[in-house]
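target_24.pdb follows (PDB, C-alpha atoms, pLDDT in the B column):
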MODEL        1
ATOM      1  CA  MET A 246      23.066  17.275 -10.483  1.00 53.00           C
ATOM      2  CA  GLY A 247      23.950  14.967  -7.572  1.00 68.00           C
ATOM      3  CA  GLU A 248      22.088  14.731  -4.320  1.00 72.00           C
ATOM      4  CA  SER A 249      23.318  16.488  -1.218  1.00 83.00           C
ATOM      5  CA  ARG A 250      25.668  14.772   1.203  1.00 83.00           C
ATOM      6  CA  ARG A 251      23.050  15.207   3.947  1.00 79.00           C
ATOM      7  CA  LYS A 252      20.384  13.361   1.947  1.00 76.00           C
ATOM      8  CA  ARG A 253      22.806  10.602   1.038  1.00 77.00           C
ATOM      9  CA  ARG A 254      23.771  10.090   4.698  1.00 79.00           C
ATOM     10  CA  LYS A 255      20.136  10.092   5.774  1.00 72.00           C
ATOM     11  CA  ARG A 256      19.328   7.447   3.150  1.00 67.00           C
ATOM     12  CA  GLU A 257      22.327   5.305   4.116  1.00 75.00           C
ATOM     13  CA  ARG A 258      21.432   5.404   7.824  1.00 74.00           C
ATOM     14  CA  SER A 259      17.741   4.697   7.315  1.00 69.00           C
ATOM     15  CA  ARG A 260      18.447   1.869   4.831  1.00 67.00           C
ATOM     16  CA  ALA A 261      20.889   0.237   7.246  1.00 69.00           C
ATOM     17  CA  PHE A 262      18.359   0.429  10.093  1.00 69.00           C
ATOM     18  CA  GLU A 263      15.557  -0.905   7.870  1.00 71.00           C
ATOM     19  CA  ARG A 264      17.690  -3.712   6.462  1.00 72.00           C
ATOM     20  CA  ARG A 265      19.125  -4.888   9.800  1.00 72.00           C
ATOM     21  CA  VAL A 266      16.272  -4.210  12.239  1.00 66.00           C
ATOM     22  CA  VAL A 267      12.885  -3.262  10.772  1.00 67.00           C
ATOM     23  CA  ASN A 268      12.661  -5.516   7.710  1.00 66.00           C
ATOM     24  CA  PRO A 269      13.613  -8.799   9.450  1.00 68.00           C
ATOM     25  CA  LEU A 270      11.122  -8.156  12.276  1.00 69.00           C
ATOM     26  CA  VAL A 271       8.252  -7.070  10.015  1.00 70.00           C
ATOM     27  CA  ARG A 272       8.959  -9.795   7.437  1.00 67.00           C
ATOM     28  CA  ARG A 273       8.828 -12.491  10.168  1.00 71.00           C
ATOM     29  CA  ALA A 274       5.634 -11.005  11.649  1.00 69.00           C
ATOM     30  CA  VAL A 275       3.959 -10.883   8.217  1.00 69.00           C
ATOM     31  CA  PHE A 276       4.919 -14.507   7.465  1.00 67.00           C
ATOM     32  CA  ASP A 277       3.618 -15.524  10.899  1.00 67.00           C
ATOM     33  CA  GLY A 278       0.302 -13.751  10.222  1.00 65.00           C
ATOM     34  CA  ARG A 279       0.729 -11.220  13.045  1.00 64.00           C
ATOM     35  CA  MET A 280       0.538  -7.991  11.031  1.00 60.00           C
ATOM     36  CA  GLY A 281      -3.017  -8.268   9.736  1.00 65.00           C
ATOM     37  CA  SER A 282      -3.527  -6.469   6.467  1.00 75.00           C
ATOM     38  CA  THR A 283      -1.189  -3.540   7.190  1.00 81.00           C
ATOM     39  CA  TYR A 284       1.820  -5.056   5.426  1.00 85.00           C
ATOM     40  CA  ALA A 285       2.515  -7.221   2.414  1.00 90.00           C
ATOM     41  CA  VAL A 286       5.698  -8.747   1.011  1.00 91.00           C
ATOM     42  CA  LEU A 287       7.249  -7.639  -2.276  1.00 95.00           C
ATOM     43  CA  GLU A 288       9.204 -10.389  -3.998  1.00 97.00           C
ATOM     44  CA  THR A 289      11.734  -9.243  -6.593  1.00 97.00           C
ATOM     45  CA  THR A 290      14.610 -10.877  -8.429  1.00 98.00           C
ATOM     46  CA  GLY A 291      18.056  -9.519  -7.598  1.00 96.00           C
ATOM     47  CA  ARG A 292      19.345  -7.491 -10.542  1.00 96.00           C
ATOM     48  CA  ARG A 293      22.892  -8.856 -10.213  1.00 95.00           C
ATOM     49  CA  SER A 294      22.536 -12.087  -8.263  1.00 96.00           C
ATOM     50  CA  GLY A 295      19.270 -13.411  -9.684  1.00 96.00           C
ATOM     51  CA  VAL A 296      18.345 -14.400  -6.115  1.00 97.00           C
ATOM     52  CA  THR A 297      14.760 -13.938  -4.891  1.00 97.00           C
ATOM     53  CA  ARG A 298      14.490 -10.961  -2.515  1.00 93.00           C
ATOM     54  CA  ARG A 299      11.555 -10.432  -0.160  1.00 91.00           C
ATOM     55  CA  THR A 300      10.904  -6.990   1.275  1.00 89.00           C
ATOM     56  CA  PRO A 301       8.050  -6.068   3.632  1.00 86.00           C
ATOM     57  CA  VAL A 302       6.052  -3.114   2.293  1.00 89.00           C
ATOM     58  CA  ALA A 303       2.895  -1.277   3.316  1.00 88.00           C
ATOM     59  CA  ASN A 304      -0.143  -3.005   1.839  1.00 91.00           C
ATOM     60  CA  GLY A 305      -1.289  -0.844  -1.078  1.00 93.00           C
ATOM     61  CA  LEU A 306      -3.676  -3.380  -2.658  1.00 94.00           C
ATOM     62  CA  ARG A 307      -6.552  -1.812  -4.579  1.00 94.00           C
ATOM     63  CA  GLY A 308      -8.381  -4.314  -6.772  1.00 93.00           C
ATOM     64  CA  ASP A 309      -5.922  -5.724  -9.288  1.00 95.00           C
ATOM     65  CA  ALA A 310      -3.355  -2.975  -8.666  1.00 97.00           C
ATOM     66  CA  PHE A 311      -0.840  -2.779  -5.855  1.00 97.00           C
ATOM     67  CA  TRP A 312       0.459   0.698  -5.043  1.00 97.00           C
ATOM     68  CA  LEU A 313       3.881   1.012  -3.500  1.00 95.00           C
ATOM     69  CA  ILE A 314       5.489   4.212  -2.207  1.00 93.00           C
ATOM     70  CA  SER A 315       9.276   3.930  -2.205  1.00 91.00           C
ATOM     71  CA  ALA A 316      10.919   6.121   0.442  1.00 87.00           C
ATOM     72  CA  HIS A 317      14.159   6.382  -1.535  1.00 87.00           C
ATOM     73  CA  GLY A 318      12.854   6.066  -5.095  1.00 89.00           C
ATOM     74  CA  PRO A 319      15.464   4.792  -7.522  1.00 90.00           C
ATOM     75  CA  HIS A 320      18.030   4.547  -4.704  1.00 87.00           C
ATOM     76  CA  ALA A 321      16.144   1.680  -3.016  1.00 88.00           C
ATOM     77  CA  HIS A 322      17.584  -1.736  -3.843  1.00 90.00           C
ATOM     78  CA  TYR A 323      14.172  -3.316  -4.459  1.00 93.00           C
ATOM     79  CA  PHE A 324      13.407  -0.421  -6.820  1.00 96.00           C
ATOM     80  CA  GLN A 325      16.575  -1.170  -8.802  1.00 95.00           C
ATOM     81  CA  ASN A 326      15.612  -4.856  -8.845  1.00 97.00           C
ATOM     82  CA  LEU A 327      12.148  -4.191 -10.234  1.00 96.00           C
ATOM     83  CA  LEU A 328      13.583  -1.880 -12.879  1.00 96.00           C
ATOM     84  CA  ALA A 329      15.826  -4.725 -14.044  1.00 97.00           C
ATOM     85  CA  HIS A 330      13.126  -7.408 -13.635  1.00 98.00           C
ATOM     86  CA  PRO A 331       9.626  -5.837 -13.585  1.00 98.00           C
ATOM     87  CA  ARG A 332       7.914  -9.213 -13.040  1.00 98.00           C
ATOM     88  CA  VAL A 333       7.334  -9.424  -9.279  1.00 98.00           C
ATOM     89  CA  ARG A 334       5.089 -11.158  -6.775  1.00 97.00           C
ATOM     90  CA  ILE A 335       3.131  -9.651  -3.915  1.00 96.00           C
ATOM     91  CA  GLY A 336       2.377 -11.702  -0.813  1.00 93.00           C
ATOM     92  CA  ILE A 337      -0.864 -10.562   0.815  1.00 88.00           C
ATOM     93  CA  ALA A 338      -1.664 -11.752   4.360  1.00 82.00           C
ATOM     94  CA  GLU A 339      -4.882 -13.728   4.375  1.00 80.00           C
ATOM     95  CA  GLY A 340      -6.115 -16.068   7.077  1.00 76.00           C
ATOM     96  CA  GLY A 341      -2.728 -16.460   8.745  1.00 74.00           C
ATOM     97  CA  HIS A 342      -0.761 -17.159   5.553  1.00 80.00           C
ATOM     98  CA  LEU A 343       0.444 -15.263   2.478  1.00 85.00           C
ATOM     99  CA  ARG A 344      -1.420 -15.470  -0.800  1.00 90.00           C
ATOM    100  CA  TRP A 345       0.984 -14.703  -3.646  1.00 94.00           C
ATOM    101  CA  ARG A 346      -0.064 -12.772  -6.729  1.00 96.00           C
ATOM    102  CA  PRO A 347       2.227 -12.182  -9.702  1.00 98.00           C
ATOM    103  CA  GLY A 348       2.338  -8.830 -11.427  1.00 98.00           C
ATOM    104  CA  THR A 349       4.338  -6.316 -13.411  1.00 98.00           C
ATOM    105  CA  ALA A 350       5.845  -3.255 -11.728  1.00 98.00           C
ATOM    106  CA  GLN A 351       5.793   0.172 -13.339  1.00 97.00           C
ATOM    107  CA  PRO A 352       7.500   3.144 -11.631  1.00 97.00           C
ATOM    108  CA  LEU A 353       5.470   6.358 -11.902  1.00 97.00           C
ATOM    109  CA  PRO A 354       8.005   9.158 -11.305  1.00 94.00           C
ATOM    110  CA  ASP A 355       5.472  11.890 -12.213  1.00 96.00           C
ATOM    111  CA  ASP A 356       2.825  10.676  -9.740  1.00 97.00           C
ATOM    112  CA  ASP A 357       2.321  12.737  -6.566  1.00 96.00           C
ATOM    113  CA  ALA A 358       3.556  10.133  -4.058  1.00 93.00           C
ATOM    114  CA  ARG A 359       2.432  12.140  -1.014  1.00 90.00           C
ATOM    115  CA  ALA A 360      -1.114  12.490  -2.357  1.00 93.00           C
ATOM    116  CA  ARG A 361      -1.140   8.802  -3.325  1.00 93.00           C
ATOM    117  CA  HIS A 362      -0.009   7.856   0.179  1.00 90.00           C
ATOM    118  CA  ARG A 363      -2.771   9.974   1.756  1.00 88.00           C
ATOM    119  CA  GLU A 364      -5.329   8.315  -0.522  1.00 91.00           C
ATOM    120  CA  LEU A 365      -4.118   4.803   0.350  1.00 89.00           C
ATOM    121  CA  GLY A 366      -4.187   5.611   4.080  1.00 87.00           C
ATOM    122  CA  ARG A 367      -7.814   6.765   4.254  1.00 87.00           C
ATOM    123  CA  GLY A 368      -9.583   4.683   6.876  1.00 85.00           C
ATOM    124  CA  ARG A 369      -6.494   2.526   7.520  1.00 81.00           C
ATOM    125  CA  LEU A 370      -4.799   3.447  10.787  1.00 77.00           C
ATOM    126  CA  GLY A 371      -1.943   0.928  10.400  1.00 76.00           C
ATOM    127  CA  TYR A 372      -1.088   2.257   6.941  1.00 74.00           C
ATOM    128  CA  ARG A 373      -1.123   5.828   8.226  1.00 78.00           C
ATOM    129  CA  LEU A 374       1.121   4.941  11.179  1.00 77.00           C
ATOM    130  CA  ASP A 375       3.568   3.255   8.803  1.00 76.00           C
ATOM    131  CA  GLY A 376       3.483   6.504   6.832  1.00 76.00           C
ATOM    132  CA  LEU A 377       5.005   8.357   9.774  1.00 74.00           C
ATOM    133  CA  LEU A 378       8.097   6.163   9.509  1.00 73.00           C
ATOM    134  CA  LEU A 379       8.060   6.511   5.718  1.00 74.00           C
ATOM    135  CA  ARG A 380       7.973  10.299   5.789  1.00 72.00           C
ATOM    136  CA  GLY A 381      10.551  10.473   8.589  1.00 74.00           C
ATOM    137  CA  THR A 382      13.118   8.453   6.640  1.00 75.00           C
ATOM    138  CA  ALA A 383      12.227   9.379   3.059  1.00 78.00           C
ATOM    139  CA  THR A 384      14.696  11.054   0.751  1.00 81.00           C
ATOM    140  CA  ARG A 385      12.803  10.728  -2.550  1.00 88.00           C
ATOM    141  CA  LEU A 386       9.208   9.467  -2.421  1.00 90.00           C
ATOM    142  CA  THR A 387       8.349   7.645  -5.635  1.00 95.00           C
ATOM    143  CA  THR A 388       5.202   5.754  -6.615  1.00 96.00           C
ATOM    144  CA  VAL A 389       5.273   2.290  -8.161  1.00 98.00           C
ATOM    145  CA  ARG A 390       2.148   0.658  -9.575  1.00 98.00           C
ATOM    146  CA  ILE A 391       2.136  -3.123  -9.809  1.00 98.00           C
ATOM    147  CA  ASP A 392      -0.484  -4.465 -12.180  1.00 98.00           C
ATOM    148  CA  LEU A 393      -1.464  -7.827 -10.726  1.00 98.00           C
ATOM    149  CA  GLU A 394      -2.728 -10.744 -12.714  1.00 95.00           C
ATOM    150  CA  PRO A 395      -6.439 -11.356 -12.065  1.00 87.00           C
ATOM    151  CA  ASP A 396      -7.087 -13.312  -8.873  1.00 77.00           C
ATOM    152  CA  THR A 397      -8.397 -16.753  -9.805  1.00 71.00           C
ATOM    153  CA  SER A 398      -8.319 -18.224  -6.293  1.00 65.00           C
ATOM    154  CA  GLY A 399     -12.106 -18.032  -6.059  1.00 55.00           C
ATOM    155  CA  ASP A 400     -12.630 -20.236  -9.128  1.00 46.00           C
TER     156      ASP A 400
ENDMDL
END

Please lay out the structure from this file as structure tokens.
Amino acid sequence: MGESRRKRRKRERSRAFERRVVNPLVRRAVFDGRMGSTYAVLETTGRRSGVTRRTPVANGLRGDAFWLISAHGPHAHYFQNLLAHPRVRIGIAEGGHLRWRPGTAQPLPDDDARARHRELGRGRLGYRLDGLLLRGTATRLTTVRIDLEPDTSGD
């Protein structure tokens, strides 16, 4: 069964606003070290073009796992990219620069994305504020777990 026209329009409008306004501003701020630990950068490989794509995302780092809540689930372009090429990199802001960690993405369609988001936001005001935008624009919340390779930067 297809999605409603209303949901499709909402997704199209929010994606256009994110792509043209929010993502460029947040991406630049993350690369410049001005967003603290609230955001990270997801690097995927374009499913058709093979070009590297970098998308700012809320920082869901927990140990060697990175949790990502997709507002549009399988309709998000980065989601489609990671389905086609599950090997990704996550750029975590650290000391004014990004530290990149490779990993493998695994969508978890049966996970309770709202509960996961609440868990990730505990004690993190920036993450919770980002969640307001997420919930306001979301059409199909979906959890993605990215299993990161062990961090060897301390060796």

What's the 10 Å shell around His322 (chain A), counting only C-alpha atoms, without same-chain residues fewer than 6 positions away, as a list in words?
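Within the cut-off, the hits are Arg260, Thr289, Gly291, Arg292, Arg298, Thr300 and Leu328 of chain A.
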
From the list A:Arg264, A:Asp357, A:Glu248, A:Leu287, which residue is nearest Ile391 (chain A) when using all atoms listed in the file?
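Ranking A:Arg264, A:Asp357, A:Glu248, A:Leu287 by distance to Ile391 (chain A), first place goes to A:Leu287.
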
To verify the selection step, state as a ChimeraX atom specification which residues the PyMOL selection byres ((chain A and resi 335-344) around 12) yields on this input.
/A:272-289,298-307,309-313,332-334,345-350,390-394,396-398

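One distance worth recording is that between CA of Arg385 (chain A) and CA of Arg253 (chain A), which is 10.6 Å.
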
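Distance annotation: of A:Phe324, A:Thr384, A:Pro395, A:Leu374, the residue with the minimal separation from Arg251 (chain A) is A:Thr384; atom set is only C-alpha atoms.
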
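Here CA of Ala360 (chain A) stands at a distance of 20.4 Å from CA of Ala321 (chain A).
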
Interatomic distance (Å, one decimal) between CA of Leu353 (chain A) and CA of Arg265 (chain A):
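Straight-line distance from CA of Leu353 (chain A) to CA of Arg265 (chain A) works out to 28.0 Å.
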
Within 10 Å of region 378-382 of chain A, counting all atoms listed in the file, which residues qualify if same-chain residues fewer than 3 places away don't, as a count of residues only?
19

Please give the centre and size of the box around region 319-325 of chain A (axis-aligned, containing every atom listed in the file, 4 Å added per side), with values in Å to one decimal and written as lines of an AutoDock Vina configuration file.
center_x = 15.7
center_y = 0.7
center_z = -5.9
size_x = 12.6
size_y = 16.1
size_z = 13.8

Find the spatial neighbours of Pro354 (chain A), counting all atoms listed in the file, within a cut-off of 10 Å - ignore same-chain residues fewer than 3 positions away - and output them as JSON, numbers by chain.
{"A": [318, 319, 351, 357, 358, 386, 387, 388, 389]}

Looking at A:Thr290, A:Val271, A:Asp356, A:Gly366, which one is nearest to Asn326 (chain A), with distances taken over all atoms listed in the file?
A:Thr290

Could I get region 310-329 of chain A rebuilt with N, CA and C atoms, written as a CSV table (one decimal), in the coordinates of the input?
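Below you can see rebuild.csv, which holds the result:
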chain,number,residue,atom,x,y,z
A,310,ALA,N,-4.6,-3.8,-8.7
A,310,ALA,CA,-3.4,-3.0,-8.7
A,310,ALA,C,-2.8,-2.9,-7.2
A,311,PHE,N,-1.5,-2.9,-7.1
A,311,PHE,CA,-0.8,-2.8,-5.9
A,311,PHE,C,0.0,-1.5,-5.9
A,312,TRP,N,-0.3,-0.6,-5.0
A,312,TRP,CA,0.5,0.7,-5.0
A,312,TRP,C,1.5,0.7,-4.0
A,313,LEU,N,2.7,1.0,-4.4
A,313,LEU,CA,3.9,1.0,-3.5
A,313,LEU,C,4.5,2.4,-3.5
A,314,ILE,N,4.8,2.9,-2.3
A,314,ILE,CA,5.5,4.2,-2.2
A,314,ILE,C,6.9,3.9,-1.7
A,315,SER,N,7.9,4.2,-2.6
A,315,SER,CA,9.3,3.9,-2.2
A,315,SER,C,9.8,5.2,-1.5
A,316,ALA,N,10.4,5.0,-0.3
A,316,ALA,CA,10.9,6.1,0.4
A,316,ALA,C,12.2,6.7,-0.2
A,317,HIS,N,12.9,5.9,-0.9
A,317,HIS,CA,14.2,6.4,-1.5
A,317,HIS,C,14.1,6.3,-3.1
A,318,GLY,N,13.0,6.1,-3.6
A,318,GLY,CA,12.9,6.1,-5.1
A,318,GLY,C,13.9,5.2,-5.7
A,319,PRO,N,14.5,5.6,-6.8
A,319,PRO,CA,15.5,4.8,-7.5
A,319,PRO,C,16.7,4.4,-6.7
A,320,HIS,N,16.9,4.9,-5.5
A,320,HIS,CA,18.0,4.5,-4.7
A,320,HIS,C,17.8,3.3,-3.9
A,321,ALA,N,16.5,2.9,-3.8
A,321,ALA,CA,16.1,1.7,-3.0
A,321,ALA,C,16.6,0.4,-3.8
A,322,HIS,N,17.1,-0.5,-3.1
A,322,HIS,CA,17.6,-1.7,-3.8
A,322,HIS,C,16.4,-2.5,-4.5
A,323,TYR,N,15.3,-2.6,-3.8
A,323,TYR,CA,14.2,-3.3,-4.5
A,323,TYR,C,13.7,-2.6,-5.7
A,324,PHE,N,13.8,-1.2,-5.7
A,324,PHE,CA,13.4,-0.4,-6.8
A,324,PHE,C,14.3,-0.7,-8.0
A,325,GLN,N,15.6,-0.8,-7.7
A,325,GLN,CA,16.6,-1.2,-8.8
A,325,GLN,C,16.3,-2.6,-9.3
A,326,ASN,N,15.9,-3.5,-8.4
A,326,ASN,CA,15.6,-4.9,-8.8
A,326,ASN,C,14.4,-4.9,-9.7
A,327,LEU,N,13.3,-4.1,-9.4
A,327,LEU,CA,12.1,-4.2,-10.2
A,327,LEU,C,12.3,-3.4,-11.5
A,328,LEU,N,13.3,-2.5,-11.6
A,328,LEU,CA,13.6,-1.9,-12.9
A,328,LEU,C,14.2,-2.9,-13.8
A,329,ALA,N,15.1,-3.7,-13.3
A,329,ALA,CA,15.8,-4.7,-14.0
A,329,ALA,C,14.9,-5.9,-14.4
